[in-house]
Amino acid sequence: MELKFVVPDMAETFGKISYAGEGEVLTEGYGRNTTVIGRSYHLYSSKQRADDIEVVVAAEAGEKDFDQDQPLKVVNPHLVAKGYEIENRGFTDYVLYVDDLVKA
């Protein structure tokens, strides 16, 4: 059985989240055929204190403009695990994908 994604309990996992800044625009294609497939943003979490949370918002939601430390809510969140290896050691990055980010 393949694990495609995990739906987190946002309040239990991340606590209160707030806007920390813009990430990058995710695209596919080349030249005139380039299509935006999503945008990434950085969020602060009241529970996950070690690092910022990187969230990828679907392209259909459009570009977001929030004030610094603006409290946010996510729409339809799911986590995707991406594994990689460095010097024979395995690591996992978890990326939070959402349909939309809205002000709390």
# chains A, B, ... in the order shown; residues from 1 in each chain; ligands from 1
call {"tool": "residues_around", "arguments": {"residues": "Gly38 in chain A", "least_positions_apart": "4", "cutoff": "9 Å", "atoms": "only C-alpha atoms", "output": "list in words"}}
result
Glu24, Val25, Leu26, Thr27, Val56, Val57, Ala58, Ala59, Glu60, Ala61 and Gly62 of chain A
call {"tool": "write_last_selection", "arguments": {"atoms": "N, CA and C atoms", "output": "mmCIF file, in the first residue's frame"}}
result
data_model
loop_
_atom_site.group_PDB
_atom_site.id
_atom_site.type_symbol
_atom_site.label_atom_id
_atom_site.label_comp_id
_atom_site.auth_asym_id
_atom_site.auth_seq_id
_atom_site.Cartn_x
_atom_site.Cartn_y
_atom_site.Cartn_z
ATOM 1 N N GLU A 24 8.657 30.692 -3.067
ATOM 2 C CA GLU A 24 8.888 30.780 -4.508
ATOM 3 C C GLU A 24 7.635 30.396 -5.286
ATOM 4 N N VAL A 25 7.604 30.810 -6.531
ATOM 5 C CA VAL A 25 6.524 30.432 -7.436
ATOM 6 C C VAL A 25 6.927 29.130 -8.100
ATOM 7 N N LEU A 26 6.077 28.119 -8.020
ATOM 8 C CA LEU A 26 6.365 26.811 -8.603
ATOM 9 C C LEU A 26 5.763 26.751 -9.998
ATOM 10 N N THR A 27 6.595 26.423 -10.974
ATOM 11 C CA THR A 27 6.150 26.393 -12.359
ATOM 12 C C THR A 27 6.524 25.078 -13.019
ATOM 13 N N VAL A 56 2.568 24.974 0.410
ATOM 14 C CA VAL A 56 2.376 25.191 -1.022
ATOM 15 C C VAL A 56 0.885 25.363 -1.267
ATOM 16 N N VAL A 57 0.528 26.511 -1.852
ATOM 17 C CA VAL A 57 -0.865 26.842 -2.128
ATOM 18 C C VAL A 57 -1.133 26.588 -3.608
ATOM 19 N N ALA A 58 -2.265 25.970 -3.898
ATOM 20 C CA ALA A 58 -2.653 25.676 -5.278
ATOM 21 C C ALA A 58 -2.701 26.966 -6.111
ATOM 22 N N ALA A 59 -2.330 26.872 -7.377
ATOM 23 C CA ALA A 59 -2.292 28.026 -8.263
ATOM 24 C C ALA A 59 -3.677 28.669 -8.425
ATOM 25 N N GLU A 60 -4.724 27.867 -8.330
ATOM 26 C CA GLU A 60 -6.086 28.380 -8.505
ATOM 27 C C GLU A 60 -6.464 29.397 -7.433
ATOM 28 N N ALA A 61 -5.781 29.370 -6.287
ATOM 29 C CA ALA A 61 -6.070 30.301 -5.197
ATOM 30 C C ALA A 61 -5.533 31.700 -5.487
ATOM 31 N N GLY A 62 -4.620 31.805 -6.436
ATOM 32 C CA GLY A 62 -4.062 33.108 -6.791
ATOM 33 C C GLY A 62 -2.948 33.519 -5.844
#
call {"tool": "select_by_dssp", "arguments": {"residues": "chain A", "states": "alpha helix (DSSP H)", "output": "list of chain:residue names"}}
result
A:Met10, A:Ala11, A:Glu12, A:Thr13, A:Phe14
call {"tool": "closest_residue", "arguments": {"among": "A:Ile17, A:Leu43, A:Ile37, A:Leu79", "to": "Tyr97 in chain A", "atoms": "only C-alpha atoms"}}
result
A:Leu79
call {"tool": "atom_distance", "arguments": {"atom1": "CA of Val6 in chain A", "atom2": "CA of Val80 in chain A"}}
result
6.6 Å
call {"tool": "closest_residue", "arguments": {"among": "A:Glu22, A:Leu96, A:Ala50, A:Ala104", "to": "Lys64 in chain A", "atoms": "only C-alpha atoms"}}
result
A:Glu22
call {"tool": "residues_around", "arguments": {"residues": "Met10 in chain A", "least_positions_apart": "4", "cutoff": "10 Å", "atoms": "only C-alpha atoms", "output": "PyMOL selection string"}}
result
chain A and resi 14-17+73-74+77-78
call {"tool": "select_by_dssp", "arguments": {"residues": "range 11-51 of chain A", "states": "strand (DSSP E)", "output": "list of chain:residue names"}}
result
A:Ile17, A:Ser18, A:Tyr19, A:Ala20, A:Gly21, A:Glu22, A:Gly23, A:Glu24, A:Val25, A:Leu26, A:Thr27, A:Glu28, A:Thr35, A:Val36, A:Ile37, A:Gly38, A:Arg39, A:Ser40, A:Tyr41, A:His42, A:Leu43, A:Tyr44, A:Ser45
call {"tool": "write_last_selection", "arguments": {"atoms": "N, CA, C and O atoms", "output": "PDB file, in the first residue's frame"}}
result
ATOM      1  N   ILE A  17      -1.143  29.376  13.493  1.00  0.00           N
ATOM      2  CA  ILE A  17      -0.173  29.675  12.448  1.00  0.00           C
ATOM      3  C   ILE A  17      -0.333  31.123  12.006  1.00  0.00           C
ATOM      4  O   ILE A  17      -1.428  31.688  12.051  1.00  0.00           O
ATOM      5  N   SER A  18       0.779  31.707  11.597  1.00  0.00           N
ATOM      6  CA  SER A  18       0.764  33.089  11.129  1.00  0.00           C
ATOM      7  C   SER A  18       1.759  33.236   9.974  1.00  0.00           C
ATOM      8  O   SER A  18       2.681  32.438   9.809  1.00  0.00           O
ATOM      9  N   TYR A  19       1.569  34.298   9.205  1.00  0.00           N
ATOM     10  CA  TYR A  19       2.345  34.547   7.994  1.00  0.00           C
ATOM     11  C   TYR A  19       3.771  34.948   8.335  1.00  0.00           C
ATOM     12  O   TYR A  19       4.007  35.817   9.162  1.00  0.00           O
ATOM     13  N   ALA A  20       4.735  34.315   7.666  1.00  0.00           N
ATOM     14  CA  ALA A  20       6.147  34.622   7.890  1.00  0.00           C
ATOM     15  C   ALA A  20       6.837  35.169   6.640  1.00  0.00           C
ATOM     16  O   ALA A  20       7.906  35.748   6.737  1.00  0.00           O
ATOM     17  N   GLY A  21       6.247  34.982   5.465  1.00  0.00           N
ATOM     18  CA  GLY A  21       6.861  35.509   4.249  1.00  0.00           C
ATOM     19  C   GLY A  21       6.580  34.648   3.028  1.00  0.00           C
ATOM     20  O   GLY A  21       6.064  33.549   3.132  1.00  0.00           O
ATOM     21  N   GLU A  22       6.933  35.204   1.873  1.00  0.00           N
ATOM     22  CA  GLU A  22       6.724  34.507   0.607  1.00  0.00           C
ATOM     23  C   GLU A  22       7.866  33.549   0.337  1.00  0.00           C
ATOM     24  O   GLU A  22       8.994  33.785   0.732  1.00  0.00           O
ATOM     25  N   GLY A  23       7.535  32.493  -0.373  1.00  0.00           N
ATOM     26  CA  GLY A  23       8.536  31.543  -0.834  1.00  0.00           C
ATOM     27  C   GLY A  23       8.762  31.760  -2.315  1.00  0.00           C
ATOM     28  O   GLY A  23       8.966  32.876  -2.769  1.00  0.00           O
ATOM     29  N   GLU A  24       8.657  30.692  -3.067  1.00  0.00           N
ATOM     30  CA  GLU A  24       8.888  30.780  -4.508  1.00  0.00           C
ATOM     31  C   GLU A  24       7.635  30.396  -5.286  1.00  0.00           C
ATOM     32  O   GLU A  24       6.733  29.752  -4.753  1.00  0.00           O
ATOM     33  N   VAL A  25       7.604  30.810  -6.531  1.00  0.00           N
ATOM     34  CA  VAL A  25       6.524  30.432  -7.436  1.00  0.00           C
ATOM     35  C   VAL A  25       6.927  29.130  -8.100  1.00  0.00           C
ATOM     36  O   VAL A  25       8.028  29.014  -8.655  1.00  0.00           O
ATOM     37  N   LEU A  26       6.077  28.119  -8.020  1.00  0.00           N
ATOM     38  CA  LEU A  26       6.365  26.811  -8.603  1.00  0.00           C
ATOM     39  C   LEU A  26       5.763  26.751  -9.998  1.00  0.00           C
ATOM     40  O   LEU A  26       4.568  26.996 -10.175  1.00  0.00           O
ATOM     41  N   THR A  27       6.595  26.423 -10.974  1.00  0.00           N
ATOM     42  CA  THR A  27       6.150  26.393 -12.359  1.00  0.00           C
ATOM     43  C   THR A  27       6.524  25.078 -13.019  1.00  0.00           C
ATOM     44  O   THR A  27       7.379  24.340 -12.518  1.00  0.00           O
ATOM     45  N   GLU A  28       5.879  24.815 -14.143  1.00  0.00           N
ATOM     46  CA  GLU A  28       6.273  23.692 -14.987  1.00  0.00           C
ATOM     47  C   GLU A  28       6.234  24.164 -16.427  1.00  0.00           C
ATOM     48  O   GLU A  28       5.529  25.109 -16.764  1.00  0.00           O
ATOM     49  N   THR A  35       3.767  27.340 -16.939  1.00  0.00           N
ATOM     50  CA  THR A  35       2.498  27.415 -16.215  1.00  0.00           C
ATOM     51  C   THR A  35       2.770  27.412 -14.723  1.00  0.00           C
ATOM     52  O   THR A  35       3.557  26.613 -14.232  1.00  0.00           O
ATOM     53  N   VAL A  36       2.106  28.318 -14.003  1.00  0.00           N
ATOM     54  CA  VAL A  36       2.222  28.347 -12.545  1.00  0.00           C
ATOM     55  C   VAL A  36       1.383  27.208 -11.993  1.00  0.00           C
ATOM     56  O   VAL A  36       0.195  27.095 -12.286  1.00  0.00           O
ATOM     57  N   ILE A  37       2.002  26.354 -11.154  1.00  0.00           N
ATOM     58  CA  ILE A  37       1.266  25.236 -10.558  1.00  0.00           C
ATOM     59  C   ILE A  37       1.052  25.427  -9.058  1.00  0.00           C
ATOM     60  O   ILE A  37       0.297  24.683  -8.444  1.00  0.00           O
ATOM     61  N   GLY A  38       1.703  26.433  -8.482  1.00  0.00           N
ATOM     62  CA  GLY A  38       1.524  26.719  -7.064  1.00  0.00           C
ATOM     63  C   GLY A  38       2.469  27.798  -6.596  1.00  0.00           C
ATOM     64  O   GLY A  38       3.370  28.214  -7.323  1.00  0.00           O
ATOM     65  N   ARG A  39       2.238  28.255  -5.389  1.00  0.00           N
ATOM     66  CA  ARG A  39       3.101  29.252  -4.760  1.00  0.00           C
ATOM     67  C   ARG A  39       3.419  28.778  -3.346  1.00  0.00           C
ATOM     68  O   ARG A  39       2.546  28.261  -2.663  1.00  0.00           O
ATOM     69  N   SER A  40       4.656  28.973  -2.917  1.00  0.00           N
ATOM     70  CA  SER A  40       5.001  28.555  -1.559  1.00  0.00           C
ATOM     71  C   SER A  40       5.100  29.780  -0.655  1.00  0.00           C
ATOM     72  O   SER A  40       5.469  30.877  -1.095  1.00  0.00           O
ATOM     73  N   TYR A  41       4.751  29.561   0.604  1.00  0.00           N
ATOM     74  CA  TYR A  41       4.807  30.600   1.624  1.00  0.00           C
ATOM     75  C   TYR A  41       5.404  29.994   2.884  1.00  0.00           C
ATOM     76  O   TYR A  41       5.350  28.788   3.088  1.00  0.00           O
ATOM     77  N   HIS A  42       5.946  30.841   3.732  1.00  0.00           N
ATOM     78  CA  HIS A  42       6.500  30.409   5.012  1.00  0.00           C
ATOM     79  C   HIS A  42       5.548  30.845   6.113  1.00  0.00           C
ATOM     80  O   HIS A  42       5.042  31.963   6.107  1.00  0.00           O
ATOM     81  N   LEU A  43       5.316  29.942   7.063  1.00  0.00           N
ATOM     82  CA  LEU A  43       4.414  30.226   8.176  1.00  0.00           C
ATOM     83  C   LEU A  43       5.132  29.977   9.491  1.00  0.00           C
ATOM     84  O   LEU A  43       6.011  29.132   9.583  1.00  0.00           O
ATOM     85  N   TYR A  44       4.734  30.738  10.516  1.00  0.00           N
ATOM     86  CA  TYR A  44       5.177  30.478  11.884  1.00  0.00           C
ATOM     87  C   TYR A  44       4.144  29.587  12.551  1.00  0.00           C
ATOM     88  O   TYR A  44       2.955  29.683  12.269  1.00  0.00           O
ATOM     89  N   SER A  45       4.585  28.746  13.456  1.00  0.00           N
ATOM     90  CA  SER A  45       3.701  27.856  14.202  1.00  0.00           C
ATOM     91  C   SER A  45       3.944  28.047  15.693  1.00  0.00           C
ATOM     92  O   SER A  45       5.090  28.192  16.122  1.00  0.00           O
TER      93      SER A  45
END
call {"tool": "residues_around", "arguments": {"residues": "Thr92 in chain A", "least_positions_apart": "4", "cutoff": "7 Å", "atoms": "only C-alpha atoms", "output": "mmCIF file with all heavy atoms, in the first residue's frame"}}
result
data_model
loop_
_atom_site.group_PDB
_atom_site.id
_atom_site.type_symbol
_atom_site.label_atom_id
_atom_site.label_comp_id
_atom_site.auth_asym_id
_atom_site.auth_seq_id
_atom_site.Cartn_x
_atom_site.Cartn_y
_atom_site.Cartn_z
ATOM 1 N N ALA A 81 5.230 13.491 2.224
ATOM 2 C CA ALA A 81 6.591 13.185 2.658
ATOM 3 C C ALA A 81 7.486 13.007 1.441
ATOM 4 O O ALA A 81 7.138 12.287 0.509
ATOM 5 C CB ALA A 81 6.596 11.919 3.498
ATOM 6 N N LYS A 82 8.639 13.676 1.462
ATOM 7 C CA LYS A 82 9.619 13.541 0.389
ATOM 8 C C LYS A 82 10.923 13.079 1.013
ATOM 9 O O LYS A 82 11.504 13.768 1.847
ATOM 10 C CB LYS A 82 9.815 14.871 -0.333
ATOM 11 C CG LYS A 82 8.586 15.329 -1.071
ATOM 12 C CD LYS A 82 8.857 16.565 -1.882
ATOM 13 C CE LYS A 82 7.600 16.955 -2.627
ATOM 14 N NZ LYS A 82 7.823 18.086 -3.504
ATOM 15 N N GLY A 83 11.365 11.892 0.628
ATOM 16 C CA GLY A 83 12.590 11.334 1.177
ATOM 17 C C GLY A 83 13.788 11.626 0.303
ATOM 18 O O GLY A 83 13.676 11.785 -0.903
ATOM 19 N N TYR A 84 14.961 11.703 0.953
ATOM 20 C CA TYR A 84 16.207 11.899 0.223
ATOM 21 C C TYR A 84 17.354 11.306 1.039
ATOM 22 O O TYR A 84 17.190 10.986 2.218
ATOM 23 C CB TYR A 84 16.441 13.368 -0.106
ATOM 24 C CG TYR A 84 16.523 14.283 1.097
ATOM 25 C CD1 TYR A 84 17.744 14.651 1.631
ATOM 26 C CD2 TYR A 84 15.366 14.775 1.701
ATOM 27 C CE1 TYR A 84 17.824 15.485 2.726
ATOM 28 C CE2 TYR A 84 15.432 15.616 2.790
ATOM 29 C CZ TYR A 84 16.668 15.967 3.303
ATOM 30 O OH TYR A 84 16.726 16.797 4.396
#
call {"tool": "closest_residue", "arguments": {"among": "A:Asp69, A:Asp100, A:Glu63, A:Glu87", "to": "Ser46 in chain A", "atoms": "only C-alpha atoms"}}
result
A:Asp69
call {"tool": "atom_distance", "arguments": {"atom1": "CA of Val95 in chain A", "atom2": "CA of Ile53 in chain A"}}
result
8.1 Å
call {"tool": "atom_distance", "arguments": {"atom1": "CA of Gln68 in chain A", "atom2": "CA of Arg49 in chain A"}}
result
17.1 Å
call {"tool": "decode", "arguments": {"residues": "range 53-67 of chain A", "atoms": "all heavy atoms", "output": "PDB file, in the first residue's frame"}}
result
ATOM      1  N   ILE A  53       7.274  26.694   8.745  1.00  0.00           N
ATOM      2  CA  ILE A  53       6.535  25.703   7.981  1.00  0.00           C
ATOM      3  C   ILE A  53       6.469  26.205   6.540  1.00  0.00           C
ATOM      4  O   ILE A  53       6.118  27.361   6.302  1.00  0.00           O
ATOM      5  CB  ILE A  53       5.106  25.535   8.519  1.00  0.00           C
ATOM      6  CG1 ILE A  53       5.145  25.081   9.972  1.00  0.00           C
ATOM      7  CG2 ILE A  53       4.308  24.570   7.654  1.00  0.00           C
ATOM      8  CD1 ILE A  53       3.832  25.238  10.676  1.00  0.00           C
ATOM      9  N   GLU A  54       6.827  25.350   5.596  1.00  0.00           N
ATOM     10  CA  GLU A  54       6.674  25.710   4.191  1.00  0.00           C
ATOM     11  C   GLU A  54       5.348  25.128   3.714  1.00  0.00           C
ATOM     12  O   GLU A  54       5.092  23.943   3.867  1.00  0.00           O
ATOM     13  CB  GLU A  54       7.809  25.150   3.339  1.00  0.00           C
ATOM     14  CG  GLU A  54       7.679  25.536   1.889  1.00  0.00           C
ATOM     15  CD  GLU A  54       8.820  25.027   1.036  1.00  0.00           C
ATOM     16  OE1 GLU A  54       9.801  24.510   1.584  1.00  0.00           O
ATOM     17  OE2 GLU A  54       8.716  25.142  -0.189  1.00  0.00           O
ATOM     18  N   VAL A  55       4.506  25.994   3.164  1.00  0.00           N
ATOM     19  CA  VAL A  55       3.207  25.564   2.676  1.00  0.00           C
ATOM     20  C   VAL A  55       3.123  25.902   1.191  1.00  0.00           C
ATOM     21  O   VAL A  55       3.589  26.947   0.759  1.00  0.00           O
ATOM     22  CB  VAL A  55       2.052  26.223   3.480  1.00  0.00           C
ATOM     23  CG1 VAL A  55       2.062  27.719   3.342  1.00  0.00           C
ATOM     24  CG2 VAL A  55       0.709  25.681   3.072  1.00  0.00           C
ATOM     25  N   VAL A  56       2.568  24.974   0.410  1.00  0.00           N
ATOM     26  CA  VAL A  56       2.376  25.191  -1.022  1.00  0.00           C
ATOM     27  C   VAL A  56       0.885  25.363  -1.267  1.00  0.00           C
ATOM     28  O   VAL A  56       0.085  24.495  -0.915  1.00  0.00           O
ATOM     29  CB  VAL A  56       2.940  24.014  -1.847  1.00  0.00           C
ATOM     30  CG1 VAL A  56       2.644  24.209  -3.324  1.00  0.00           C
ATOM     31  CG2 VAL A  56       4.426  23.864  -1.608  1.00  0.00           C
ATOM     32  N   VAL A  57       0.528  26.511  -1.852  1.00  0.00           N
ATOM     33  CA  VAL A  57      -0.865  26.842  -2.128  1.00  0.00           C
ATOM     34  C   VAL A  57      -1.133  26.588  -3.608  1.00  0.00           C
ATOM     35  O   VAL A  57      -0.331  26.967  -4.471  1.00  0.00           O
ATOM     36  CB  VAL A  57      -1.159  28.318  -1.779  1.00  0.00           C
ATOM     37  CG1 VAL A  57      -2.602  28.670  -2.068  1.00  0.00           C
ATOM     38  CG2 VAL A  57      -0.823  28.598  -0.324  1.00  0.00           C
ATOM     39  N   ALA A  58      -2.265  25.970  -3.898  1.00  0.00           N
ATOM     40  CA  ALA A  58      -2.653  25.676  -5.278  1.00  0.00           C
ATOM     41  C   ALA A  58      -2.701  26.966  -6.111  1.00  0.00           C
ATOM     42  O   ALA A  58      -3.082  28.026  -5.610  1.00  0.00           O
ATOM     43  CB  ALA A  58      -4.008  24.987  -5.299  1.00  0.00           C
ATOM     44  N   ALA A  59      -2.330  26.872  -7.377  1.00  0.00           N
ATOM     45  CA  ALA A  59      -2.292  28.026  -8.263  1.00  0.00           C
ATOM     46  C   ALA A  59      -3.677  28.669  -8.425  1.00  0.00           C
ATOM     47  O   ALA A  59      -3.787  29.877  -8.602  1.00  0.00           O
ATOM     48  CB  ALA A  59      -1.748  27.623  -9.629  1.00  0.00           C
ATOM     49  N   GLU A  60      -4.724  27.867  -8.330  1.00  0.00           N
ATOM     50  CA  GLU A  60      -6.086  28.380  -8.505  1.00  0.00           C
ATOM     51  C   GLU A  60      -6.464  29.397  -7.433  1.00  0.00           C
ATOM     52  O   GLU A  60      -7.359  30.213  -7.615  1.00  0.00           O
ATOM     53  CB  GLU A  60      -7.102  27.231  -8.484  1.00  0.00           C
ATOM     54  CG  GLU A  60      -6.993  26.276  -9.649  1.00  0.00           C
ATOM     55  CD  GLU A  60      -5.870  25.254  -9.484  1.00  0.00           C
ATOM     56  OE1 GLU A  60      -5.444  24.972  -8.340  1.00  0.00           O
ATOM     57  OE2 GLU A  60      -5.408  24.740 -10.520  1.00  0.00           O
ATOM     58  N   ALA A  61      -5.781  29.370  -6.287  1.00  0.00           N
ATOM     59  CA  ALA A  61      -6.070  30.301  -5.197  1.00  0.00           C
ATOM     60  C   ALA A  61      -5.533  31.700  -5.487  1.00  0.00           C
ATOM     61  O   ALA A  61      -5.949  32.663  -4.855  1.00  0.00           O
ATOM     62  CB  ALA A  61      -5.487  29.783  -3.889  1.00  0.00           C
ATOM     63  N   GLY A  62      -4.620  31.805  -6.436  1.00  0.00           N
ATOM     64  CA  GLY A  62      -4.062  33.108  -6.791  1.00  0.00           C
ATOM     65  C   GLY A  62      -2.948  33.519  -5.844  1.00  0.00           C
ATOM     66  O   GLY A  62      -2.607  32.820  -4.893  1.00  0.00           O
ATOM     67  N   GLU A  63      -2.394  34.699  -6.116  1.00  0.00           N
ATOM     68  CA  GLU A  63      -1.312  35.219  -5.292  1.00  0.00           C
ATOM     69  C   GLU A  63      -1.879  35.795  -3.999  1.00  0.00           C
ATOM     70  O   GLU A  63      -2.922  36.431  -3.996  1.00  0.00           O
ATOM     71  CB  GLU A  63      -0.562  36.304  -6.065  1.00  0.00           C
ATOM     72  CG  GLU A  63       0.751  36.668  -5.462  1.00  0.00           C
ATOM     73  CD  GLU A  63       1.581  37.546  -6.367  1.00  0.00           C
ATOM     74  OE1 GLU A  63       1.247  37.658  -7.557  1.00  0.00           O
ATOM     75  OE2 GLU A  63       2.560  38.114  -5.882  1.00  0.00           O
ATOM     76  N   LYS A  64      -1.178  35.583  -2.895  1.00  0.00           N
ATOM     77  CA  LYS A  64      -1.640  36.015  -1.570  1.00  0.00           C
ATOM     78  C   LYS A  64      -0.806  37.188  -1.086  1.00  0.00           C
ATOM     79  O   LYS A  64       0.385  37.276  -1.349  1.00  0.00           O
ATOM     80  CB  LYS A  64      -1.538  34.869  -0.557  1.00  0.00           C
ATOM     81  CG  LYS A  64      -2.346  33.660  -0.929  1.00  0.00           C
ATOM     82  CD  LYS A  64      -3.798  33.997  -0.913  1.00  0.00           C
ATOM     83  CE  LYS A  64      -4.643  32.831  -1.348  1.00  0.00           C
ATOM     84  NZ  LYS A  64      -6.044  33.173  -1.403  1.00  0.00           N
ATOM     85  N   ASP A  65      -1.462  38.093  -0.364  1.00  0.00           N
ATOM     86  CA  ASP A  65      -0.782  39.247   0.219  1.00  0.00           C
ATOM     87  C   ASP A  65      -1.259  39.406   1.657  1.00  0.00           C
ATOM     88  O   ASP A  65      -2.390  39.827   1.897  1.00  0.00           O
ATOM     89  CB  ASP A  65      -1.068  40.508  -0.592  1.00  0.00           C
ATOM     90  CG  ASP A  65      -0.297  41.706  -0.079  1.00  0.00           C
ATOM     91  OD1 ASP A  65       0.817  41.519   0.446  1.00  0.00           O
ATOM     92  OD2 ASP A  65      -0.811  42.831  -0.187  1.00  0.00           O
ATOM     93  N   PHE A  66      -0.399  39.028   2.608  1.00  0.00           N
ATOM     94  CA  PHE A  66      -0.739  39.113   4.025  1.00  0.00           C
ATOM     95  C   PHE A  66       0.264  40.013   4.731  1.00  0.00           C
ATOM     96  O   PHE A  66       1.395  40.175   4.284  1.00  0.00           O
ATOM     97  CB  PHE A  66      -0.690  37.718   4.678  1.00  0.00           C
ATOM     98  CG  PHE A  66      -1.657  36.731   4.108  1.00  0.00           C
ATOM     99  CD1 PHE A  66      -1.207  35.628   3.408  1.00  0.00           C
ATOM    100  CD2 PHE A  66      -3.020  36.888   4.273  1.00  0.00           C
ATOM    101  CE1 PHE A  66      -2.093  34.702   2.884  1.00  0.00           C
ATOM    102  CE2 PHE A  66      -3.914  35.964   3.751  1.00  0.00           C
ATOM    103  CZ  PHE A  66      -3.450  34.874   3.058  1.00  0.00           C
ATOM    104  N   ASP A  67      -0.148  40.573   5.864  1.00  0.00           N
ATOM    105  CA  ASP A  67       0.760  41.335   6.709  1.00  0.00           C
ATOM    106  C   ASP A  67       1.635  40.361   7.495  1.00  0.00           C
ATOM    107  O   ASP A  67       1.224  39.233   7.773  1.00  0.00           O
ATOM    108  CB  ASP A  67      -0.025  42.210   7.693  1.00  0.00           C
ATOM    109  CG  ASP A  67      -0.824  43.288   6.990  1.00  0.00           C
ATOM    110  OD1 ASP A  67      -0.379  43.756   5.916  1.00  0.00           O
ATOM    111  OD2 ASP A  67      -1.887  43.669   7.514  1.00  0.00           O
TER     112      ASP A  67
END
